[in-house]
file coords-v1.cif (mmCIF, C-alpha atoms and all ligand atoms)
data_coords
loop_
_atom_site.group_PDB
_atom_site.id
_atom_site.type_symbol
_atom_site.label_atom_id
_atom_site.label_comp_id
_atom_site.auth_asym_id
_atom_site.auth_seq_id
_atom_site.Cartn_x
_atom_site.Cartn_y
_atom_site.Cartn_z
ATOM 1 C CA MET A 85 -4.576 -11.012 -19.956
ATOM 2 C CA SER A 86 -5.119 -11.099 -16.274
ATOM 3 C CA GLU A 87 -1.721 -11.228 -14.664
ATOM 4 C CA VAL A 88 -1.642 -10.777 -10.936
ATOM 5 C CA LEU A 89 0.973 -8.981 -8.883
ATOM 6 C CA CYS A 90 2.167 -9.688 -5.379
ATOM 7 C CA LYS A 91 1.519 -6.622 -3.197
ATOM 8 C CA PHE A 92 4.654 -7.274 -1.129
ATOM 9 C CA CYS A 93 7.254 -7.836 -3.832
ATOM 10 C CA GLY A 94 5.612 -6.945 -7.153
ATOM 11 C CA ARG A 95 6.341 -10.305 -8.753
ATOM 12 C CA LYS A 96 3.991 -11.196 -11.576
ATOM 13 C CA PHE A 97 2.061 -14.435 -11.830
ATOM 14 C CA GLN A 98 -0.363 -15.897 -14.348
ATOM 15 C CA ASN A 99 -3.040 -16.446 -11.733
ATOM 16 C CA ILE A 100 -3.764 -16.155 -8.016
ATOM 17 C CA ALA A 101 -3.381 -19.914 -7.436
ATOM 18 C CA SER A 102 0.277 -19.918 -8.482
ATOM 19 C CA LEU A 103 0.912 -16.623 -6.652
ATOM 20 C CA THR A 104 -0.390 -17.794 -3.279
ATOM 21 C CA ALA A 105 1.360 -21.186 -3.591
ATOM 22 C CA LEU A 106 4.819 -19.701 -3.078
ATOM 23 C CA SER A 107 6.383 -17.948 -0.130
ATOM 24 C CA CYS A 108 7.308 -14.280 -0.439
ATOM 25 C CA SER A 109 10.561 -12.955 0.983
ATOM 26 C CA ARG A 110 8.953 -9.521 1.479
ATOM 27 C CA ASN A 111 5.847 -10.674 3.290
ATOM 28 C CA PRO A 112 6.087 -9.048 6.763
ATOM 29 C CA GLN A 113 5.019 -12.346 8.340
ATOM 30 C CA ALA A 114 7.762 -14.934 8.528
ATOM 31 C CA ARG A 115 7.333 -17.609 5.852
ATOM 32 C CA GLY A 116 4.251 -15.837 4.516
ATOM 33 C CA LYS A 117 3.107 -16.385 0.947
ATOM 34 C CA HIS A 118 2.778 -13.885 -1.850
ATOM 35 C CA GLU A 119 -0.522 -12.036 -1.625
ATOM 36 C CA PRO A 120 -2.393 -10.569 -4.578
ATOM 37 C CA PHE A 121 -2.422 -6.821 -5.121
ATOM 38 C CA GLU A 122 -6.108 -5.932 -5.380
ATOM 39 C CA GLY A 123 -5.806 -2.430 -6.760
ATOM 40 C CA GLU A 124 -5.776 -1.369 -10.374
ATOM 41 C CA MET A 125 -2.641 -2.069 -12.338
ATOM 42 C CA GLY A 126 -1.522 1.192 -13.824
ATOM 43 C CA ASP A 127 1.488 3.332 -14.654
ATOM 44 C CA VAL A 128 1.843 4.603 -11.116
ATOM 45 C CA TYR A 129 1.495 3.037 -7.692
ATOM 46 C CA ILE A 130 1.071 5.214 -4.611
ATOM 47 C CA CYS A 131 2.320 4.323 -1.144
ATOM 48 C CA LYS A 132 -0.666 4.397 1.196
ATOM 49 C CA ASN A 133 1.485 5.504 4.129
ATOM 50 C CA CYS A 134 3.382 8.392 2.579
ATOM 51 C CA GLY A 135 1.844 9.085 -0.842
ATOM 52 C CA ARG A 136 5.085 8.656 -2.767
ATOM 53 C CA GLU A 137 4.602 7.503 -6.331
ATOM 54 C CA PHE A 138 6.454 4.641 -7.972
ATOM 55 C CA ARG A 139 6.468 3.089 -11.427
ATOM 56 C CA ASP A 140 6.205 -0.451 -10.140
ATOM 57 C CA ILE A 141 5.527 -2.363 -6.931
ATOM 58 C CA ALA A 142 8.882 -4.178 -6.963
ATOM 59 C CA ALA A 143 10.761 -0.854 -6.795
ATOM 60 C CA MET A 144 8.357 0.513 -4.176
ATOM 61 C CA THR A 145 8.520 -2.368 -1.737
ATOM 62 C CA ALA A 146 12.331 -2.551 -1.988
ATOM 63 C CA LEU A 147 12.597 0.813 -0.203
ATOM 64 C CA SER A 148 11.735 1.690 3.346
ATOM 65 C CA CYS A 149 8.983 4.181 4.099
ATOM 66 C CA THR A 150 9.606 6.983 6.589
ATOM 67 C CA ARG A 151 5.887 6.979 7.495
ATOM 68 C CA HIS A 152 5.446 3.259 7.961
ATOM 69 C CA PRO A 153 3.028 2.672 10.899
ATOM 70 C CA ASP A 154 5.430 0.252 12.597
ATOM 71 C CA GLY A 155 8.189 2.849 12.532
ATOM 72 C CA LYS A 156 10.215 0.852 10.052
ATOM 73 C CA GLY A 157 9.078 -1.023 6.974
ATOM 74 C CA PRO A 158 8.688 -0.823 3.217
ATOM 75 C CA HIS A 159 6.305 1.312 1.210
ATOM 76 C CA VAL A 160 2.919 -0.356 0.836
ATOM 77 C CA PRO A 161 0.916 0.026 -2.386
ATOM 78 C CA TYR A 162 -2.449 1.756 -2.069
ATOM 79 C CA GLU A 163 -5.104 -0.526 -3.559
ATOM 80 C CA GLY A 164 -7.939 1.929 -3.984
ATOM 81 C CA GLY A 165 -7.073 3.410 -7.370
ATOM 82 C CA GLU A 166 -6.594 7.034 -8.328
ATOM 83 C CA LYS A 167 -9.248 9.459 -7.116
ATOM 84 C CA GLN A 168 -10.139 13.143 -7.190
ATOM 85 C CA LYS A 169 -10.028 13.100 -3.414
ATOM 86 C CA TYR A 170 -9.087 10.616 -0.744
ATOM 87 C CA THR A 171 -11.130 10.089 2.408
ATOM 88 C CA CYS A 172 -9.590 9.181 5.752
ATOM 89 C CA LYS A 173 -10.936 5.825 6.895
ATOM 90 C CA PHE A 174 -10.849 6.879 10.549
ATOM 91 C CA CYS A 175 -12.364 10.376 10.541
ATOM 92 C CA GLY A 176 -13.843 10.842 7.060
ATOM 93 C CA ARG A 177 -11.897 14.000 6.224
ATOM 94 C CA ASP A 178 -11.196 14.506 2.528
ATOM 95 C CA PHE A 179 -7.763 15.259 1.094
ATOM 96 C CA ARG A 180 -6.473 16.082 -2.351
ATOM 97 C CA ASP A 181 -3.697 13.538 -2.218
ATOM 98 C CA ILE A 182 -2.338 10.799 0.008
ATOM 99 C CA ALA A 183 0.942 12.620 0.712
ATOM 100 C CA ALA A 184 -0.950 15.581 2.228
ATOM 101 C CA MET A 185 -3.248 13.264 4.144
ATOM 102 C CA THR A 186 -0.592 11.084 5.743
ATOM 103 C CA ALA A 187 1.489 14.112 6.754
ATOM 104 C CA LEU A 188 -1.172 15.094 9.303
ATOM 105 C CA SER A 189 -2.215 13.279 12.429
ATOM 106 C CA CYS A 190 -5.770 12.054 12.821
ATOM 107 C CA THR A 191 -7.665 12.692 16.052
ATOM 108 C CA ARG A 192 -9.670 9.476 15.512
ATOM 109 C CA HIS A 193 -6.730 7.197 14.840
ATOM 110 C CA PRO A 194 -7.407 3.815 16.564
ATOM 111 C CA ASP A 195 -3.995 3.860 18.265
ATOM 112 C CA GLY A 196 -4.760 7.241 19.806
ATOM 113 C CA LYS A 197 -2.042 8.907 17.762
ATOM 114 C CA GLY A 198 -1.195 8.429 14.124
ATOM 115 C CA PRO A 199 -1.721 9.846 10.667
ATOM 116 C CA HIS A 200 -4.851 9.903 8.533
ATOM 117 C CA SER A 201 -5.066 6.818 6.366
ATOM 118 C CA PRO A 202 -6.899 6.455 3.044
ATOM 119 C CA ALA A 203 -10.032 4.313 2.780
ATOM 120 C CA ARG A 204 -10.264 2.254 -0.414
HETATM 121 ZN ZN ZN B 1 5.662 -11.466 -3.051
HETATM 122 ZN ZN ZN B 2 5.669 5.110 1.835
HETATM 123 ZN ZN ZN B 3 -8.384 10.966 9.816
#
call {"tool": "encode", "arguments": {"input": "coords-v1.cif", "output": "structure tokens"}}
result
Amino acid sequence: MSEVLCKFCGRKFQNIASLTALSCSRNPQARGKHEPFEGEMGDVYICKNCGREFRDIAAMTALSCTRHPDGKGPHVPYEGGEKQKYTCKFCGRDFRDIAAMTALSCTRHPDGKGPHSPAR
């Protein structure tokens, strides 16, 4: 079985071709299509912006994230899988979990000011 999930809405499809053929109401771009979630499918999905854990992507992306980089937006599933430690993609600092990481601001953030963000 190789079902694929949309990373914006969590809808399941039999394959990527049928997933990307349809438009997704939760794609941040107007009239955007579903896009495949490229992380591991597991019991828990972690928001890459705030580290909150959810049982499924549909529940996650239905709620807004207080740490969304645009100020307002839904939680976004982290696609890198569970790790012992997470490394910031901007500065390389290691953190125990994504919630701790995204709570702190990163001196090398490309926008000049912003939180650490996990690399894959
Ligand atoms: Zn979708
Ligand atoms: Zn979040
Ligand atoms: Zn950083």
call {"tool": "closest_residue", "arguments": {"input": "coords-v1.cif", "among": "A:Arg139, A:His152, A:Glu87, A:Gly157", "to": "A:Arg110", "atoms": "only C-alpha atoms"}}
result
A:Gly157
call {"tool": "residues_near_ligand", "arguments": {"input": "coords-v1.cif", "ligand": "ligand ZN 3 (chain B)", "cutoff": "10 Å", "atoms": "only C-alpha atoms and all ligand atoms", "output": "MDAnalysis selection string"}}
result
chainID A and resid 171:179 185:186 188:194 198:203
call {"tool": "write_last_selection", "arguments": {"input": "coords-v1.cif", "atoms": "C-alpha atoms", "output": "PDB file, in the coordinates of the input"}}
result
ATOM      1  CA  THR A 171     -11.130  10.089   2.408  1.00  0.00           C
ATOM      2  CA  CYS A 172      -9.590   9.181   5.752  1.00  0.00           C
ATOM      3  CA  LYS A 173     -10.936   5.825   6.895  1.00  0.00           C
ATOM      4  CA  PHE A 174     -10.849   6.879  10.549  1.00  0.00           C
ATOM      5  CA  CYS A 175     -12.364  10.376  10.541  1.00  0.00           C
ATOM      6  CA  GLY A 176     -13.843  10.842   7.060  1.00  0.00           C
ATOM      7  CA  ARG A 177     -11.897  14.000   6.224  1.00  0.00           C
ATOM      8  CA  ASP A 178     -11.196  14.506   2.528  1.00  0.00           C
ATOM      9  CA  PHE A 179      -7.763  15.259   1.094  1.00  0.00           C
ATOM     10  CA  MET A 185      -3.248  13.264   4.144  1.00  0.00           C
ATOM     11  CA  THR A 186      -0.592  11.084   5.743  1.00  0.00           C
ATOM     12  CA  LEU A 188      -1.172  15.094   9.303  1.00  0.00           C
ATOM     13  CA  SER A 189      -2.215  13.279  12.429  1.00  0.00           C
ATOM     14  CA  CYS A 190      -5.770  12.054  12.821  1.00  0.00           C
ATOM     15  CA  THR A 191      -7.665  12.692  16.052  1.00  0.00           C
ATOM     16  CA  ARG A 192      -9.670   9.476  15.512  1.00  0.00           C
ATOM     17  CA  HIS A 193      -6.730   7.197  14.840  1.00  0.00           C
ATOM     18  CA  PRO A 194      -7.407   3.815  16.564  1.00  0.00           C
ATOM     19  CA  GLY A 198      -1.195   8.429  14.124  1.00  0.00           C
ATOM     20  CA  PRO A 199      -1.721   9.846  10.667  1.00  0.00           C
ATOM     21  CA  HIS A 200      -4.851   9.903   8.533  1.00  0.00           C
ATOM     22  CA  SER A 201      -5.066   6.818   6.366  1.00  0.00           C
ATOM     23  CA  PRO A 202      -6.899   6.455   3.044  1.00  0.00           C
ATOM     24  CA  ALA A 203     -10.032   4.313   2.780  1.00  0.00           C
TER      25      ALA A 203
END
call {"tool": "residues_near_ligand", "arguments": {"input": "coords-v1.cif", "ligand": "ligand ZN 2 (chain B)", "cutoff": "6 Å", "atoms": "all atoms listed in the file", "output": "list in words"}}
result
Cys131, Asn133, Cys134, Arg136, Cys149, Arg151 and His159 of chain A
call {"tool": "closest_residue", "arguments": {"input": "coords-v1.cif", "among": "A:Gln168, A:Lys96, A:Ser102, A:Asp195", "to": "A:Pro153", "atoms": "all atoms listed in the file"}}
result
A:Asp195
call {"tool": "atom_distance", "arguments": {"input": "coords-v1.cif", "atom1": "atom CA of A:Gly155", "atom2": "atom CA of A:Cys93"}}
result
19.6 Å
call {"tool": "residues_near_ligand", "arguments": {"input": "coords-v1.cif", "ligand": "ligand ZN 1 (chain B)", "cutoff": "7 Å", "atoms": "all atoms listed in the file", "output": "number ranges by chain"}}
result
A: 90-95, 108-111, 117-119
call {"tool": "atom_distance", "arguments": {"input": "coords-v1.cif", "atom1": "atom CA of A:Arg115", "atom2": "atom CA of A:Ser86"}}
result
26.2 Å
call {"tool": "resolve_selection", "arguments": {"input": "coords-v1.cif", "expression": "the PyMOL selection byres (((chain A and resi 147) around 10) and not hetatm)", "output": "list in words"}}
result
Ala142, Ala143, Met144, Thr145, Ala146, Ser148, Cys149, Thr150, Gly157, Pro158, His159 and Val160 of chain A
call {"tool": "write_last_selection", "arguments": {"input": "coords-v1.cif", "atoms": "C-alpha atoms", "output": "CSV table (one decimal), in the frame of the given file"}}
result
chain,number,residue,atom,x,y,z
A,142,ALA,CA,8.9,-4.2,-7.0
A,143,ALA,CA,10.8,-0.9,-6.8
A,144,MET,CA,8.4,0.5,-4.2
A,145,THR,CA,8.5,-2.4,-1.7
A,146,ALA,CA,12.3,-2.6,-2.0
A,148,SER,CA,11.7,1.7,3.3
A,149,CYS,CA,9.0,4.2,4.1
A,150,THR,CA,9.6,7.0,6.6
A,157,GLY,CA,9.1,-1.0,7.0
A,158,PRO,CA,8.7,-0.8,3.2
A,159,HIS,CA,6.3,1.3,1.2
A,160,VAL,CA,2.9,-0.4,0.8
call {"tool": "closest_residue", "arguments": {"input": "coords-v1.cif", "among": "A:Gln98, A:Glu163, A:Ala184, A:Leu106", "to": "A:Val128", "atoms": "all atoms listed in the file"}}
result
A:Glu163
call {"tool": "atom_distance", "arguments": {"input": "coords-v1.cif", "atom1": "atom CA of A:Gln113", "atom2": "atom CA of A:Gly165"}}
result
25.3 Å
